[in-house]
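These notes concern the structure reproduced below.
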There are 2 protein chains.
Amino acid sequence: MGRGKIEIKRIENTSNRQVTYSKRKNGIIKKAKEITVLCDANVSLVIYGSSGKMYEYCSPKTNLIDMLDRYQRLSGNKLWDAKHENLQNEIDRIKKENESMQIELRHLKGEDITSLNYEELIAYEDALENGLTNIREKKASLFFIN
Amino acid sequence: MGRGKIEIKRIENTSNRQVTYSKRKNGIIKKAKEITVLCDANVSLVIYGSSGKMYEYCSPKTNLIDMLDRYQRLSGNKLWDAKHENLQNEIDRIKKENESMQIELRHLKGEDITSLNYEELIAYEDALENGLTNIREKKASLFFIN
DNA sequence: AGGGCTATGTATAATGA
DNA sequence: TTCATTATACATAGCCC
């Protein structure tokens, strides 16, 4: 476009290449913004040239992280490294631990026990009696210490 | 461009919007490829519309992960580091929750109670008695149900 | 490096099949 | 609906500052 047609191949003249880069970069960013508004689309665009300077555009309704999250889910490609997976796994593991402790705590307080069978009830009874004994011993011992 | 000028605002007609989206998406991808070749640039482009289907273009010399790594370094914006931090915060939060539940459980079992004061001991004693009452009631009720 | 200017090539909105 | 077609609007290559 412009005064002459050009082939789509690397522009050898450095300054021409630089100028064209700058112009076209702006063009692409403009197009990205337009499609965002016109079509309710989400666009994430990261672009850099040989100068190393980088430009980014991301549609307003979202952000790069969400875009990439979505990209990962839809494409199946892994972007975040193993570290993230590990962190996520750890969270899952701790959450499970957490949940079972919460259940145990509730049971010890005599809550949510309708589903417990006789053996489980006995086990909790024993645990509670045991705890009670220990607590009472400790309580009693306070009088001797002071 | 085309038969009439259009304002850059959301196209209300759904099928028009869909058609325009598709055309412009291809246009942007084409432009992205061109600037890549012409100017030796690196481009990462992720785009999706209301259909949910997602397109991605990334210049051949690189890949999304490298682009984003570079983006992080140059822009100073945290990307997966932000995500990483969020995960770490969640882990810390859950771990704290976890720990306090573990302490409570141990206390209820009469363990690690040397540091407890008299009031705390009374509170645990009450809780245990309460739990025991509930458990025993439930236990007793089993005989009536069967 | 930008910024402005055309002439020209492209992208595309509207239309029709 | 999805394709061609086509008239227009837009983007931009080559210039000059």
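FYI, nothing fancy with the structure tokens labels: chains A, B, ... in order, residues from 1 per chain, ligands from 1 as they appear.
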
Name the residues in contact with Asn98 of chain A at a cut-off of 9 Å, using only C-alpha atoms (C1' of nucleotides), excluding same-chain residues fewer than 2 positions from it; report them as a PyMOL selection string.
(chain A and resi 93-96+100-103) or (chain B and resi 94-95+97-98+101)

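Fit chain A to chain B on the Cα trace, atom for atom in sequence order, and the RMSD comes out at 10.6 Å.
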
Step one, run DSSP on the backbone; step two, keep only residues of segment 17-65 of chain B assigned to strand (DSSP E or B); then write them as a count of residues only.
12

List the neighbours of Met67 of chain B out to 10 Å using only C-alpha atoms (C1' of nucleotides); skip same-chain residues closer than 4 positions along the sequence, and give me the result as a ChimeraX atom specification.
/A:46-48,54 /B:42-44,58-59,62-63,71-73

For the selection just defined, write its residues with N, CA, C and O atoms to a file, as a PDB file, in the first residue's frame.
ATOM      1  N   VAL A  46       1.053  -8.618  21.916  1.00  0.00           N
ATOM      2  CA  VAL A  46       2.366  -8.201  22.390  1.00  0.00           C
ATOM      3  C   VAL A  46       3.275  -8.180  21.184  1.00  0.00           C
ATOM      4  O   VAL A  46       3.280  -9.118  20.392  1.00  0.00           O
ATOM      5  N   ILE A  47       4.017  -7.113  21.029  1.00  0.00           N
ATOM      6  CA  ILE A  47       4.796  -6.961  19.813  1.00  0.00           C
ATOM      7  C   ILE A  47       6.097  -6.233  20.110  1.00  0.00           C
ATOM      8  O   ILE A  47       6.111  -5.264  20.852  1.00  0.00           O
ATOM      9  N   TYR A  48       7.178  -6.770  19.573  1.00  0.00           N
ATOM     10  CA  TYR A  48       8.414  -6.014  19.698  1.00  0.00           C
ATOM     11  C   TYR A  48       9.292  -6.217  18.477  1.00  0.00           C
ATOM     12  O   TYR A  48       9.239  -7.257  17.818  1.00  0.00           O
ATOM     13  N   MET A  54       9.062  -2.924  23.563  1.00  0.00           N
ATOM     14  CA  MET A  54       7.893  -3.766  23.425  1.00  0.00           C
ATOM     15  C   MET A  54       6.601  -2.994  23.641  1.00  0.00           C
ATOM     16  O   MET A  54       6.510  -2.128  24.502  1.00  0.00           O
TER      17      MET A  54
ATOM     18  N   ASN B  42       8.596  -9.475  16.403  1.00  0.00           N
ATOM     19  CA  ASN B  42       7.989 -10.602  17.083  1.00  0.00           C
ATOM     20  C   ASN B  42       6.614 -10.201  17.579  1.00  0.00           C
ATOM     21  O   ASN B  42       6.450  -9.166  18.209  1.00  0.00           O
ATOM     22  N   VAL B  43       5.673 -11.021  17.278  1.00  0.00           N
ATOM     23  CA  VAL B  43       4.298 -10.706  17.612  1.00  0.00           C
ATOM     24  C   VAL B  43       3.647 -11.897  18.286  1.00  0.00           C
ATOM     25  O   VAL B  43       3.819 -13.032  17.851  1.00  0.00           O
ATOM     26  N   SER B  44       2.942 -11.610  19.324  1.00  0.00           N
ATOM     27  CA  SER B  44       2.076 -12.628  19.907  1.00  0.00           C
ATOM     28  C   SER B  44       0.672 -12.072  19.925  1.00  0.00           C
ATOM     29  O   SER B  44       0.441 -10.951  20.381  1.00  0.00           O
ATOM     30  N   CYS B  58       1.658 -16.505  16.752  1.00  0.00           N
ATOM     31  CA  CYS B  58       2.913 -16.112  17.362  1.00  0.00           C
ATOM     32  C   CYS B  58       3.994 -16.252  16.320  1.00  0.00           C
ATOM     33  O   CYS B  58       4.029 -17.227  15.572  1.00  0.00           O
ATOM     34  N   SER B  59       4.844 -15.245  16.219  1.00  0.00           N
ATOM     35  CA  SER B  59       5.855 -15.258  15.169  1.00  0.00           C
ATOM     36  C   SER B  59       6.750 -16.487  15.335  1.00  0.00           C
ATOM     37  O   SER B  59       6.997 -16.952  16.434  1.00  0.00           O
ATOM     38  N   THR B  62       9.870 -17.280  17.741  1.00  0.00           N
ATOM     39  CA  THR B  62       9.733 -17.297  19.192  1.00  0.00           C
ATOM     40  C   THR B  62       8.508 -18.120  19.560  1.00  0.00           C
ATOM     41  O   THR B  62       7.976 -18.873  18.760  1.00  0.00           O
ATOM     42  N   ASN B  63       8.077 -17.983  20.773  1.00  0.00           N
ATOM     43  CA  ASN B  63       6.847 -18.642  21.187  1.00  0.00           C
ATOM     44  C   ASN B  63       6.223 -17.824  22.298  1.00  0.00           C
ATOM     45  O   ASN B  63       6.820 -16.894  22.824  1.00  0.00           O
ATOM     46  N   TYR B  71       8.266  -9.942  27.843  1.00  0.00           N
ATOM     47  CA  TYR B  71       7.334  -8.892  28.227  1.00  0.00           C
ATOM     48  C   TYR B  71       7.489  -8.544  29.705  1.00  0.00           C
ATOM     49  O   TYR B  71       7.546  -7.381  30.084  1.00  0.00           O
ATOM     50  N   GLN B  72       7.597  -9.565  30.501  1.00  0.00           N
ATOM     51  CA  GLN B  72       7.738  -9.335  31.938  1.00  0.00           C
ATOM     52  C   GLN B  72       9.012  -8.588  32.256  1.00  0.00           C
ATOM     53  O   GLN B  72       9.031  -7.649  33.041  1.00  0.00           O
ATOM     54  N   ARG B  73      10.091  -9.024  31.626  1.00  0.00           N
ATOM     55  CA  ARG B  73      11.380  -8.408  31.924  1.00  0.00           C
ATOM     56  C   ARG B  73      11.404  -6.947  31.506  1.00  0.00           C
ATOM     57  O   ARG B  73      11.870  -6.079  32.227  1.00  0.00           O
TER      58      ARG B  73
END

Env of Asp112 of chain B: 12 Å cut, atoms = only C-alpha atoms (C1' of nucleotides), seq-sep filter 6 positions within chain, self excluded. Answer as a list in words.
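In the requested format, the answer is Gly131, Asn134, Ile135 and Lys138 of chain A; Gln102, Ile103, Glu104, Leu105, Arg106 and Leu121 of chain B.
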
How about saving the chosen residues, N, CA and C atoms kept, as a PDB file, in the first residue's frame?
ATOM      1  N   GLY A 131      -9.700 -36.838  75.966  1.00  0.00           N
ATOM      2  CA  GLY A 131      -9.373 -35.420  75.997  1.00  0.00           C
ATOM      3  C   GLY A 131      -9.837 -34.773  77.285  1.00  0.00           C
ATOM      4  N   ASN A 134      -7.576 -35.639  80.112  1.00  0.00           N
ATOM      5  CA  ASN A 134      -6.329 -34.873  80.053  1.00  0.00           C
ATOM      6  C   ASN A 134      -6.528 -33.423  80.480  1.00  0.00           C
ATOM      7  N   ILE A 135      -7.583 -32.831  79.962  1.00  0.00           N
ATOM      8  CA  ILE A 135      -7.851 -31.431  80.285  1.00  0.00           C
ATOM      9  C   ILE A 135      -8.105 -31.269  81.777  1.00  0.00           C
ATOM     10  N   LYS A 138      -4.947 -31.568  83.800  1.00  0.00           N
ATOM     11  CA  LYS A 138      -4.171 -30.332  83.672  1.00  0.00           C
ATOM     12  C   LYS A 138      -4.768 -29.238  84.550  1.00  0.00           C
TER      13      LYS A 138
ATOM     14  N   GLN B 102      -5.343 -27.639  63.497  1.00  0.00           N
ATOM     15  CA  GLN B 102      -4.552 -28.738  64.064  1.00  0.00           C
ATOM     16  C   GLN B 102      -4.336 -28.532  65.562  1.00  0.00           C
ATOM     17  N   ILE B 103      -4.040 -27.278  65.921  1.00  0.00           N
ATOM     18  CA  ILE B 103      -3.837 -26.979  67.334  1.00  0.00           C
ATOM     19  C   ILE B 103      -5.108 -27.244  68.121  1.00  0.00           C
ATOM     20  N   GLU B 104      -6.232 -26.800  67.551  1.00  0.00           N
ATOM     21  CA  GLU B 104      -7.492 -27.008  68.252  1.00  0.00           C
ATOM     22  C   GLU B 104      -7.787 -28.489  68.424  1.00  0.00           C
ATOM     23  N   LEU B 105      -7.523 -29.240  67.339  1.00  0.00           N
ATOM     24  CA  LEU B 105      -7.750 -30.688  67.420  1.00  0.00           C
ATOM     25  C   LEU B 105      -6.896 -31.317  68.506  1.00  0.00           C
ATOM     26  N   ARG B 106      -5.629 -30.930  68.524  1.00  0.00           N
ATOM     27  CA  ARG B 106      -4.739 -31.507  69.543  1.00  0.00           C
ATOM     28  C   ARG B 106      -5.205 -31.142  70.939  1.00  0.00           C
ATOM     29  N   LEU B 121      -8.672 -23.848  79.486  1.00  0.00           N
ATOM     30  CA  LEU B 121      -8.963 -25.230  79.868  1.00  0.00           C
ATOM     31  C   LEU B 121     -10.455 -25.408  80.122  1.00  0.00           C
TER      32      LEU B 121
END

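One finds atom CA of Tyr57 of chain A at 6.8 Å from atom CA of Ile29 of chain A.
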
Show me, as a ChimeraX atom specification, the residues of chain B whose atoms get within 9 Å of chain C, using only C-alpha atoms (C1' of nucleotides) for the distance check.
/B:1-6,20,23-24,27

So, with only C-alpha atoms as the atoms that count, which of A:Gly110, A:Ser141, A:Glu129, A:Glu99 lies closest to chain B?
A:Gly110

Would you give me, as a VMD selection string, the residues of chain D that come within 8 Å of chain B, using only C-alpha atoms (C1' of nucleotides)?
chain D and resid 7 to 10

From B:His107, B:Arg10, B:Lys33, B:Lys61, residue lying nearest chain A [only C-alpha atoms]:
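Closest candidate: B:Arg10.
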
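Take the candidates A:Arg136, A:Lys30, A:Lys78, A:Lys109 and check each one against chain B using only C-alpha atoms; the shortest distance goes to A:Lys109.
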
Let me make sure I understand: among B:Asn26, B:Trp80, B:Glu12, B:Glu111, which one has the smallest atom-to-atom distance to Ile65 of chain B if we use only C-alpha atoms?
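Once distances to Ile65 of chain B are computed over only C-alpha atoms, the minimum belongs to B:Trp80.
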
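Atom CA of Arg70 of chain B is positioned 28.0 Å from atom CA of Glu90 of chain A.
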
Report, in Å to a single decimal, how far apart atom C1' of DA11 of chain D and atom CA of Leu38 of chain A are.
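Computed distance, atom CA of Leu38 of chain A to atom C1' of DA11 of chain D, equals 18.4 Å.
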
Return the single residue from B:Asn13, B:Ala82, B:Ser22, B:Val37 that is closest to chain A, with distances computed using only C-alpha atoms.
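Among B:Asn13, B:Ala82, B:Ser22, B:Val37, it is B:Val37 that comes nearest to chain A.
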